[in-house]
Amino acid sequence: MEQRLANSLIMTVNEKKFIESALLSDIRVDGRRPFDYRNLTIRFGSEDGSSEVQLGQTQVIGFVTGQLTQPYRDRPNEGAFSIYTEFSPMADLSFEPGRPGESAIELGRIVDRGLRESRAVDMESLCVIAGKLVWSIRIDLHIIDNGGNLVDAANIAALAALSTYRRPECTLGGEDGQEVIVHPPDVREPLPLILHHFPVAVTFGFIGKENTVVIDPTHYEESVMGGSMTATLNTNGDVCAIQKAGGDGVLQSVIMQCLRIASVKAGDITSKIKNAVESYNTQRSLKKIKRHNPDQHHSSDVAKNHMERLTVGSDQSVTGSQFNEPDTTNKRNSTLKSFSGGPASWDPYSKGVDGDELRTSLASRVAPVDKQKEESSQVNPETKSSPKSSDTNSLASINKVGSEIKQSKTLKDAVKPKHKRRNKSNAK
């Protein structure tokens, strides 16, 4: 009501009459037919359980979180479920920061009634220890831009966020077996929520004295309509909840017609939500890290290929280094020319050494030694050849001795001659 009153103050009387007269000819201000929906876009955030829904100019963000709490006494085996709405002042001029107003409370109740009364979420699967610990699911709905029909956009955002939310897996351990162990996502894969069906909210507006029915009213049509009705249905055609707002009465035949139209629209919106969730799950599965080890045979093949590449690269580097030695010397000489001295690069008071002077001084020291070697080699060429001749003579003598030793010896050689014996006896 606060929202409609704020919009009525902005619009003029001529604008209101234009909207009503256009609807008599089945034409709306934005070009749609009375029972046409605006463009619906569903996006997901980087984290599980976050969604962004844009319905025309209406934009809503939904975020789902969970924590372990104690269950209610009357439902010890069921988890908890709650919805909180936040209206940003930048979304509409009628929204004020601070405590939620009447429109925010009404929006949260409509979405909560459609999900809770229809048992869309399996609450028993959220129980960890009966009567002690259960999972409490909280849905935060943030209104970013108000372009009309906040109920439908918030309901779709809540369903999309619930479809992608995953809670950590819990196990019981400890000495008594009653200690709850919450496993992080890196250890065990989180578990998704169990959703039995998708209760989709479809809002109708009644405008003018003739109660002209329009679906998905805009920001301007809400200021003109005298009443509204929100029907929450699933794809099976089951009516989960109905919310009637405004003072204008509605005939029973009109309500039945709205329910038939709502069942068709609910099926279309459900298919869009499922397609968006399926694409998100495929992208999420592609981002997962493969934790299994590769086959040993495959790893050995990869290692062999790698070693072959290394050997081929080393051979190429060796051959390249053999052919590029003069190039490297030229590069070194060029770097020496550009070198201006070591200390000058770090000591501001020192002077660098001139590379040309250093090379000339070193060359002058090395040159005399080389000249002496050359002169000695030129003056005494015979001395160089004499060692070769001496070597040849020694080899010939060795060969002669060896040939004499190899000659055959007899017994006469072992007996001493007679003149040597006589000499020894005379000496005595």
# chains A, B, ... in the order shown; residues from 1 in each chain; ligands from 1
>>> residues_around(residues="Phe63 of chain A", least_positions_apart="2", cutoff="9 Å", atoms="only C-alpha atoms", output="number ranges by chain")
A: 48-52, 61, 65, 138-142, 157-158, 161-162, 165
>>> closest_residue(among="A:Phe87, A:Phe204, A:Tyr280, A:Phe95", to="Ala262 of chain A", atoms="only C-alpha atoms")
A:Phe204
>>> atom_distance(atom1="atom CA of Cys240 of chain A", atom2="atom CA of Pro192 of chain A")
23.1 Å
>>> closest_residue(among="A:Asn146, A:Thr12, A:Ser82, A:Gln54", to="His219 of chain A", atoms="only C-alpha atoms")
A:Asn146
